[in-house]
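Just model-v9.pdb here, PDB, C-alpha atoms and all ligand atoms:
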```
ATOM      1  CA  MET A   1      26.342 178.137 103.230  1.00  0.00           C
ATOM      2  CA  SER A   2      26.248 180.009  99.951  1.00  0.00           C
ATOM      3  CA  ASN A   3      28.193 183.235  99.621  1.00  0.00           C
ATOM      4  CA  THR A   4      25.065 185.318  99.112  1.00  0.00           C
ATOM      5  CA  ARG A   5      23.730 184.546 102.578  1.00  0.00           C
ATOM      6  CA  ARG A   6      26.871 185.309 104.502  1.00  0.00           C
ATOM      7  CA  ARG A   7      27.503 188.608 106.235  1.00  0.00           C
ATOM      8  CA  VAL A   8      31.031 189.831 106.689  1.00  0.00           C
ATOM      9  CA  GLY A   9      31.878 192.725 108.986  1.00  0.00           C
ATOM     10  CA  VAL A  10      34.417 195.408 108.102  1.00  0.00           C
ATOM     11  CA  LEU A  11      35.833 197.537 110.902  1.00  0.00           C
ATOM     12  CA  ALA A  12      34.652 200.984 109.797  1.00  0.00           C
ATOM     13  CA  LEU A  13      36.264 203.479 112.163  1.00  0.00           C
ATOM     14  CA  GLN A  14      39.021 204.739 109.852  1.00  0.00           C
ATOM     15  CA  GLY A  15      40.924 203.654 106.765  1.00  0.00           C
ATOM     16  CA  ASP A  16      39.831 202.001 103.525  1.00  0.00           C
ATOM     17  CA  PHE A  17      36.806 200.094 104.817  1.00  0.00           C
ATOM     18  CA  ARG A  18      34.690 201.302 101.842  1.00  0.00           C
ATOM     19  CA  GLU A  19      37.003 199.510  99.431  1.00  0.00           C
ATOM     20  CA  HIS A  20      36.651 196.288 101.439  1.00  0.00           C
ATOM     21  CA  LEU A  21      32.845 196.674 101.443  1.00  0.00           C
ATOM     22  CA  ALA A  22      32.986 197.129  97.649  1.00  0.00           C
ATOM     23  CA  ALA A  23      35.236 194.069  97.312  1.00  0.00           C
ATOM     24  CA  LEU A  24      32.703 192.014  99.299  1.00  0.00           C
ATOM     25  CA  ARG A  25      29.888 193.248  97.045  1.00  0.00           C
ATOM     26  CA  ALA A  26      31.927 192.129  94.049  1.00  0.00           C
ATOM     27  CA  CYS A  27      32.130 188.693  95.711  1.00  0.00           C
ATOM     28  CA  GLU A  28      28.325 188.801  96.185  1.00  0.00           C
ATOM     29  CA  VAL A  29      28.644 188.826  99.950  1.00  0.00           C
ATOM     30  CA  GLU A  30      26.920 191.313 102.222  1.00  0.00           C
ATOM     31  CA  GLY A  31      29.390 193.583 104.004  1.00  0.00           C
ATOM     32  CA  VAL A  32      28.445 195.183 107.304  1.00  0.00           C
ATOM     33  CA  PRO A  33      30.291 198.244 108.684  1.00  0.00           C
ATOM     34  CA  ILE A  34      31.406 197.527 112.261  1.00  0.00           C
ATOM     35  CA  ARG A  35      31.719 200.406 114.710  1.00  0.00           C
ATOM     36  CA  LEU A  36      30.331 199.061 117.970  1.00  0.00           C
ATOM     37  CA  ALA A  37      30.571 195.739 119.791  1.00  0.00           C
ATOM     38  CA  THR A  38      26.883 195.066 119.105  1.00  0.00           C
ATOM     39  CA  ASP A  39      27.430 195.384 115.316  1.00  0.00           C
ATOM     40  CA  LEU A  40      29.530 192.236 115.475  1.00  0.00           C
ATOM     41  CA  GLU A  41      26.529 190.095 116.422  1.00  0.00           C
ATOM     42  CA  ALA A  42      25.227 190.288 112.854  1.00  0.00           C
ATOM     43  CA  VAL A  43      28.314 188.912 111.096  1.00  0.00           C
ATOM     44  CA  ASP A  44      30.106 185.576 110.560  1.00  0.00           C
ATOM     45  CA  ALA A  45      33.558 186.964 109.690  1.00  0.00           C
ATOM     46  CA  LEU A  46      35.521 190.186 110.083  1.00  0.00           C
ATOM     47  CA  ILE A  47      37.896 192.300 107.992  1.00  0.00           C
ATOM     48  CA  LEU A  48      40.298 194.802 109.585  1.00  0.00           C
ATOM     49  CA  PRO A  49      41.139 197.313 106.822  1.00  0.00           C
ATOM     50  CA  GLY A  50      44.196 199.325 105.891  1.00  0.00           C
ATOM     51  CA  GLY A  51      44.626 202.787 107.303  1.00  0.00           C
ATOM     52  CA  GLU A  52      46.391 203.885 110.443  1.00  0.00           C
ATOM     53  CA  SER A  53      46.658 201.177 113.069  1.00  0.00           C
ATOM     54  CA  THR A  54      47.355 203.602 115.934  1.00  0.00           C
ATOM     55  CA  THR A  55      44.208 205.594 115.097  1.00  0.00           C
ATOM     56  CA  MET A  56      42.042 202.498 114.701  1.00  0.00           C
ATOM     57  CA  ALA A  57      43.300 201.043 117.986  1.00  0.00           C
ATOM     58  CA  HIS A  58      42.501 204.349 119.639  1.00  0.00           C
ATOM     59  CA  LEU A  59      38.983 204.598 118.165  1.00  0.00           C
ATOM     60  CA  MET A  60      37.927 201.055 119.048  1.00  0.00           C
ATOM     61  CA  GLU A  61      35.793 201.019 122.162  1.00  0.00           C
ATOM     62  CA  PRO A  62      37.060 198.483 124.739  1.00  0.00           C
ATOM     63  CA  ALA A  63      33.867 196.422 124.395  1.00  0.00           C
ATOM     64  CA  LEU A  64      34.467 196.095 120.641  1.00  0.00           C
ATOM     65  CA  LYS A  65      38.066 194.911 121.165  1.00  0.00           C
ATOM     66  CA  GLN A  66      36.818 192.361 123.650  1.00  0.00           C
ATOM     67  CA  SER A  67      34.012 191.116 121.395  1.00  0.00           C
ATOM     68  CA  ILE A  68      36.385 190.742 118.445  1.00  0.00           C
ATOM     69  CA  GLN A  69      38.767 188.707 120.600  1.00  0.00           C
ATOM     70  CA  GLN A  70      35.939 186.546 121.964  1.00  0.00           C
ATOM     71  CA  ARG A  71      34.390 185.919 118.555  1.00  0.00           C
ATOM     72  CA  ALA A  72      37.798 185.124 117.046  1.00  0.00           C
ATOM     73  CA  ALA A  73      38.508 182.699 119.888  1.00  0.00           C
ATOM     74  CA  ALA A  74      35.168 181.037 119.113  1.00  0.00           C
ATOM     75  CA  GLY A  75      36.216 180.521 115.480  1.00  0.00           C
ATOM     76  CA  MET A  76      35.220 183.662 113.559  1.00  0.00           C
ATOM     77  CA  PRO A  77      37.537 184.104 110.552  1.00  0.00           C
ATOM     78  CA  VAL A  78      39.476 187.384 110.476  1.00  0.00           C
ATOM     79  CA  LEU A  79      41.313 189.089 107.601  1.00  0.00           C
ATOM     80  CA  GLY A  80      43.668 192.009 108.227  1.00  0.00           C
ATOM     81  CA  THR A  81      45.254 194.106 105.478  1.00  0.00           C
ATOM     82  CA  CYS A  82      48.262 196.337 106.197  1.00  0.00           C
ATOM     83  CA  ALA A  83      47.185 198.343 109.280  1.00  0.00           C
ATOM     84  CA  GLY A  84      44.756 195.451 109.863  1.00  0.00           C
ATOM     85  CA  MET A  85      47.723 193.060 109.906  1.00  0.00           C
ATOM     86  CA  ILE A  86      49.322 195.258 112.573  1.00  0.00           C
ATOM     87  CA  LEU A  87      46.106 195.207 114.624  1.00  0.00           C
ATOM     88  CA  MET A  88      46.103 191.389 114.450  1.00  0.00           C
ATOM     89  CA  ALA A  89      49.759 190.975 115.449  1.00  0.00           C
ATOM     90  CA  ARG A  90      50.898 189.721 118.809  1.00  0.00           C
ATOM     91  CA  GLU A  91      53.861 192.126 118.888  1.00  0.00           C
ATOM     92  CA  VAL A  92      54.461 195.491 117.237  1.00  0.00           C
ATOM     93  CA  GLN A  93      57.742 197.324 116.822  1.00  0.00           C
ATOM     94  CA  ASP A  94      57.758 201.060 116.192  1.00  0.00           C
ATOM     95  CA  GLY A  95      54.187 201.366 117.327  1.00  0.00           C
ATOM     96  CA  ARG A  96      53.035 203.910 119.853  1.00  0.00           C
ATOM     97  CA  PRO A  97      53.803 202.935 123.443  1.00  0.00           C
ATOM     98  CA  ASP A  98      50.061 202.767 124.136  1.00  0.00           C
ATOM     99  CA  GLN A  99      49.274 200.907 120.905  1.00  0.00           C
ATOM    100  CA  GLU A 100      47.380 197.836 122.023  1.00  0.00           C
ATOM    101  CA  THR A 101      46.797 195.216 119.374  1.00  0.00           C
ATOM    102  CA  LEU A 102      44.132 192.514 119.289  1.00  0.00           C
ATOM    103  CA  LYS A 103      46.730 189.712 119.349  1.00  0.00           C
ATOM    104  CA  LEU A 104      44.816 187.480 116.933  1.00  0.00           C
ATOM    105  CA  ILE A 105      47.759 185.989 115.084  1.00  0.00           C
ATOM    106  CA  ASP A 106      51.139 184.900 116.423  1.00  0.00           C
ATOM    107  CA  ILE A 107      53.367 187.211 114.433  1.00  0.00           C
ATOM    108  CA  GLY A 108      55.594 190.159 115.220  1.00  0.00           C
ATOM    109  CA  VAL A 109      55.579 193.150 112.857  1.00  0.00           C
ATOM    110  CA  ARG A 110      57.501 196.352 112.419  1.00  0.00           C
ATOM    111  CA  ARG A 111      55.433 199.335 111.287  1.00  0.00           C
ATOM    112  CA  ASN A 112      56.438 201.429 108.260  1.00  0.00           C
ATOM    113  CA  ALA A 113      59.347 199.059 107.755  1.00  0.00           C
ATOM    114  CA  TYR A 114      60.039 199.727 104.064  1.00  0.00           C
ATOM    115  CA  GLY A 115      61.488 203.154 104.838  1.00  0.00           C
ATOM    116  CA  ARG A 116      60.799 206.505 103.227  1.00  0.00           C
ATOM    117  CA  GLN A 117      62.411 205.893  99.842  1.00  0.00           C
ATOM    118  CA  ILE A 118      60.150 203.010  98.866  1.00  0.00           C
ATOM    119  CA  ASP A 119      57.320 203.479 101.299  1.00  0.00           C
ATOM    120  CA  SER A 120      54.648 202.852  98.643  1.00  0.00           C
ATOM    121  CA  PHE A 121      54.761 200.597  95.613  1.00  0.00           C
ATOM    122  CA  GLU A 122      52.747 198.135  93.585  1.00  0.00           C
ATOM    123  CA  ALA A 123      54.027 194.654  92.818  1.00  0.00           C
ATOM    124  CA  ASP A 124      52.786 191.289  91.645  1.00  0.00           C
ATOM    125  CA  VAL A 125      52.637 188.869  94.542  1.00  0.00           C
ATOM    126  CA  THR A 126      52.366 185.171  93.799  1.00  0.00           C
ATOM    127  CA  SER A 127      50.620 182.707  96.059  1.00  0.00           C
ATOM    128  CA  ALA A 128      49.386 179.160  95.631  1.00  0.00           C
ATOM    129  CA  ALA A 129      46.470 180.212  97.867  1.00  0.00           C
ATOM    130  CA  ILE A 130      45.050 182.348  95.039  1.00  0.00           C
ATOM    131  CA  GLY A 131      46.347 180.220  92.190  1.00  0.00           C
ATOM    132  CA  GLY A 132      49.129 182.495  90.901  1.00  0.00           C
ATOM    133  CA  PRO A 133      50.226 186.141  90.870  1.00  0.00           C
ATOM    134  CA  ALA A 134      47.983 189.075  91.747  1.00  0.00           C
ATOM    135  CA  PRO A 135      48.649 192.803  91.917  1.00  0.00           C
ATOM    136  CA  ALA A 136      49.366 194.069  95.436  1.00  0.00           C
ATOM    137  CA  VAL A 137      49.539 197.647  96.664  1.00  0.00           C
ATOM    138  CA  PHE A 138      51.967 198.338  99.515  1.00  0.00           C
ATOM    139  CA  ILE A 139      51.522 201.643 101.366  1.00  0.00           C
ATOM    140  CA  ARG A 140      53.800 202.262 104.347  1.00  0.00           C
ATOM    141  CA  ALA A 141      53.524 198.542 104.892  1.00  0.00           C
ATOM    142  CA  PRO A 142      54.666 196.557 107.919  1.00  0.00           C
ATOM    143  CA  GLN A 143      57.262 193.788 107.741  1.00  0.00           C
ATOM    144  CA  LEU A 144      57.242 190.600 109.741  1.00  0.00           C
ATOM    145  CA  THR A 145      59.789 190.319 112.545  1.00  0.00           C
ATOM    146  CA  GLY A 146      58.799 186.774 113.467  1.00  0.00           C
ATOM    147  CA  ARG A 147      56.081 184.149 113.391  1.00  0.00           C
ATOM    148  CA  ALA A 148      55.085 181.095 115.400  1.00  0.00           C
ATOM    149  CA  ALA A 149      55.691 177.629 113.943  1.00  0.00           C
ATOM    150  CA  ASP A 150      52.010 177.151 113.053  1.00  0.00           C
ATOM    151  CA  VAL A 151      51.778 180.428 111.147  1.00  0.00           C
ATOM    152  CA  GLU A 152      51.894 179.529 107.472  1.00  0.00           C
ATOM    153  CA  GLU A 153      53.596 181.734 104.897  1.00  0.00           C
ATOM    154  CA  LEU A 154      51.297 182.186 101.896  1.00  0.00           C
ATOM    155  CA  ALA A 155      53.325 184.685  99.875  1.00  0.00           C
ATOM    156  CA  ARG A 156      56.666 186.446  99.675  1.00  0.00           C
ATOM    157  CA  HIS A 157      57.852 189.629  98.031  1.00  0.00           C
ATOM    158  CA  GLY A 158      61.609 189.849  97.704  1.00  0.00           C
ATOM    159  CA  ASP A 159      63.013 188.553 100.983  1.00  0.00           C
ATOM    160  CA  GLN A 160      59.850 189.417 102.933  1.00  0.00           C
ATOM    161  CA  THR A 161      56.911 187.269 104.002  1.00  0.00           C
ATOM    162  CA  VAL A 162      53.887 189.356 103.002  1.00  0.00           C
ATOM    163  CA  ALA A 163      50.922 186.999 103.543  1.00  0.00           C
ATOM    164  CA  VAL A 164      50.377 184.686 106.498  1.00  0.00           C
ATOM    165  CA  LYS A 165      47.654 182.399 107.766  1.00  0.00           C
ATOM    166  CA  GLN A 166      47.051 180.828 111.146  1.00  0.00           C
ATOM    167  CA  GLY A 167      43.936 178.649 111.181  1.00  0.00           C
ATOM    168  CA  ASN A 168      41.210 180.835 109.682  1.00  0.00           C
ATOM    169  CA  ARG A 169      43.042 184.094 110.318  1.00  0.00           C
ATOM    170  CA  LEU A 170      44.693 185.759 107.377  1.00  0.00           C
ATOM    171  CA  ALA A 171      47.020 188.757 107.480  1.00  0.00           C
ATOM    172  CA  LEU A 172      48.344 190.574 104.404  1.00  0.00           C
ATOM    173  CA  ALA A 173      50.997 193.312 104.475  1.00  0.00           C
ATOM    174  CA  PHE A 174      49.452 194.814 101.327  1.00  0.00           C
ATOM    175  CA  HIS A 175      46.038 196.006 100.093  1.00  0.00           C
ATOM    176  CA  PRO A 176      44.182 193.618  97.777  1.00  0.00           C
ATOM    177  CA  GLU A 177      41.128 195.859  98.279  1.00  0.00           C
ATOM    178  CA  LEU A 178      42.823 198.648  96.277  1.00  0.00           C
ATOM    179  CA  THR A 179      43.085 196.459  93.168  1.00  0.00           C
ATOM    180  CA  PRO A 180      40.259 195.052  91.015  1.00  0.00           C
ATOM    181  CA  ASP A 181      41.455 191.482  91.688  1.00  0.00           C
ATOM    182  CA  ARG A 182      39.153 189.782  94.198  1.00  0.00           C
ATOM    183  CA  ARG A 183      40.986 186.491  94.675  1.00  0.00           C
ATOM    184  CA  TRP A 184      42.363 187.301  98.150  1.00  0.00           C
ATOM    185  CA  HIS A 185      38.851 188.167  99.343  1.00  0.00           C
ATOM    186  CA  GLN A 186      37.509 184.993  97.760  1.00  0.00           C
ATOM    187  CA  TYR A 187      40.264 182.993  99.437  1.00  0.00           C
ATOM    188  CA  PHE A 188      39.367 184.557 102.791  1.00  0.00           C
ATOM    189  CA  LEU A 189      35.686 183.753 102.269  1.00  0.00           C
ATOM    190  CA  SER A 190      36.658 180.142 101.555  1.00  0.00           C
ATOM    191  CA  LEU A 191      38.242 179.889 105.017  1.00  0.00           C
ATOM    192  CA  ASN A 192      34.936 180.431 106.777  1.00  0.00           C
ATOM    193  CA  GLY A 193      34.250 176.869 107.752  1.00  0.00           C
ATOM    194  CA  GLU A 194      37.756 176.227 109.029  1.00  0.00           C
ATOM    195  CA  ARG A 195      38.469 176.194 112.740  1.00  0.00           C
ATOM    196  CA  ARG A 196      41.659 177.091 114.476  1.00  0.00           C
TER
HETATM  197  N1  LIG A 201      51.611 202.516 108.387  1.00  0.00           N
HETATM  198  C1  LIG A 201      50.258 202.214 108.754  1.00  0.00           C
HETATM  199  C2  LIG A 201      50.147 201.791 110.213  1.00  0.00           C
HETATM  200  O1  LIG A 201      51.103 201.760 110.900  1.00  0.00           O
HETATM  201  C3  LIG A 201      49.700 201.129 107.859  1.00  0.00           C
HETATM  202  C4  LIG A 201      49.534 201.680 106.483  1.00  0.00           C
HETATM  203  C5  LIG A 201      48.433 201.071 105.696  1.00  0.00           C
HETATM  204  O2  LIG A 201      47.499 200.450 106.201  1.00  0.00           O
HETATM  205  N2  LIG A 201      48.506 201.312 104.415  1.00  0.00           N
HETATM  206  O3  LIG A 201      49.098 201.514 110.685  1.00  0.00           O
END
```
Could you rewrite the structure in this file as structure tokens?
Ligand code: GLN
Amino acid sequence: MSNTRRRVGVLALQGDFREHLAALRACEVEGVPIRLATDLEAVDALILPGGESTTMAHLMEPALKQSIQQRAAAGMPVLGTCAGMILMAREVQDGRPDQETLKLIDIGVRRNAYGRQIDSFEADVTSAAIGGPAPAVFIRAPQLTGRAADVEELARHGDQTVAVKQGNRLALAFHPELTPDRRWHQYFLSLNGERR
């Protein structure tokens, strides 16, 4: 299917969903804000944005969580950036005790793991998936504490794994949506046909 006919949902409860919608427009794909379970029916893929994972988890109605999990299990591609990566993770350290994640990718993460001194920074992150280096914005980013054998590392920064893929699910510790470079979004859109 051509890019122009696809519709990609962006969880739009909190965080930088507008930037993801703008990134999709730049890729000539229709972005659809997702707030309720029924909104998900109109889309073929989903982006979980950056923001505050505890707040987003809190604002998601139970039916929406369930629909996301069901659609993902049926093969819908999902991209999570920063807080979105945390929402996708199977395990979270330093989350809130009641912070339930969607468990869409078999990784463990630690929230706000870079510490206060360097909690936000911009760096070039290189990945074969996007054909070279691209600017990446890290804001109170999570770090990986572990990953299952079939979770592929797509990029590193320093000694940290900062981009991972499991089937057609992609999780980034940084925010490609806050840069003008659209290659991570294009890479995600290219995963659409793939099945887990
Ligand atoms: N620290 C945030 C969280 O725990 C993530 C920050 C971000 O998305 N930039 O959800």
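Atom CA of Gly50 of chain A is positioned 7.7 Å from atom CA of Gly80 of chain A.
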Two-atom distance - atom CA of Ser120 of chain A, atom CA of Arg183 of chain A (Å): 21.7 Å
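Applied to the file shown here, the PyMOL selection byres (((not hetatm)) within 7 of (chain A and resi 201)) selects Gly50, Gly51, Glu52, Ser53, Thr54, Thr81, Cys82, Ala83, Gly84, Ile86, Arg111, Asn112, Phe138, Ile139, Arg140, Ala141 and Pro142 of chain A.
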Test item: residues at most 6 Å from Leu170 of chain A, all atoms listed in the file, excluding those fewer than 3 positions along its chain, as a count of residues only: 3
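Across the structure, atom CA of Asn168 of chain A and atom CA of Cys27 of chain A are spaced 18.4 Å apart.
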Evaluate the PyMOL selection byres (((chain A and resi 9) around 9) and not hetatm) and report residues as a PyMOL selection string: chain A and resi 7-8+10-12+21+30-34+39-40+42-48
Give me a file of those residues, with C-alpha atoms, as a PDB file, keeping the file's coordinate frame.
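As written to disk, part.pdb reads:
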```
ATOM      1  CA  ARG A   7      27.503 188.608 106.235  1.00  0.00           C
ATOM      2  CA  VAL A   8      31.031 189.831 106.689  1.00  0.00           C
ATOM      3  CA  VAL A  10      34.417 195.408 108.102  1.00  0.00           C
ATOM      4  CA  LEU A  11      35.833 197.537 110.902  1.00  0.00           C
ATOM      5  CA  ALA A  12      34.652 200.984 109.797  1.00  0.00           C
ATOM      6  CA  LEU A  21      32.845 196.674 101.443  1.00  0.00           C
ATOM      7  CA  GLU A  30      26.920 191.313 102.222  1.00  0.00           C
ATOM      8  CA  GLY A  31      29.390 193.583 104.004  1.00  0.00           C
ATOM      9  CA  VAL A  32      28.445 195.183 107.304  1.00  0.00           C
ATOM     10  CA  PRO A  33      30.291 198.244 108.684  1.00  0.00           C
ATOM     11  CA  ILE A  34      31.406 197.527 112.261  1.00  0.00           C
ATOM     12  CA  ASP A  39      27.430 195.384 115.316  1.00  0.00           C
ATOM     13  CA  LEU A  40      29.530 192.236 115.475  1.00  0.00           C
ATOM     14  CA  ALA A  42      25.227 190.288 112.854  1.00  0.00           C
ATOM     15  CA  VAL A  43      28.314 188.912 111.096  1.00  0.00           C
ATOM     16  CA  ASP A  44      30.106 185.576 110.560  1.00  0.00           C
ATOM     17  CA  ALA A  45      33.558 186.964 109.690  1.00  0.00           C
ATOM     18  CA  LEU A  46      35.521 190.186 110.083  1.00  0.00           C
ATOM     19  CA  ILE A  47      37.896 192.300 107.992  1.00  0.00           C
ATOM     20  CA  LEU A  48      40.298 194.802 109.585  1.00  0.00           C
TER      21      LEU A  48
END
```
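Closest approach to Thr145 of chain A from the set A:Asp106, A:Glu61, A:Glu41, A:Asp98 is made by A:Asp106, with distances taken over only C-alpha atoms.
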Can you tell me which residues surround Gly167 of chain A at a distance of at most 12 Å, considering only C-alpha atoms, apart from same-chain residues fewer than 4 positions away, and format the answer as a ChimeraX atom specification? /A:72-73,75-79,104-106,150-153,171,188,191-196
From the list A:Asp119, A:Arg110, A:Asp181, A:His58, which residue is nearest Gly132 of chain A when using only C-alpha atoms? A:Asp181
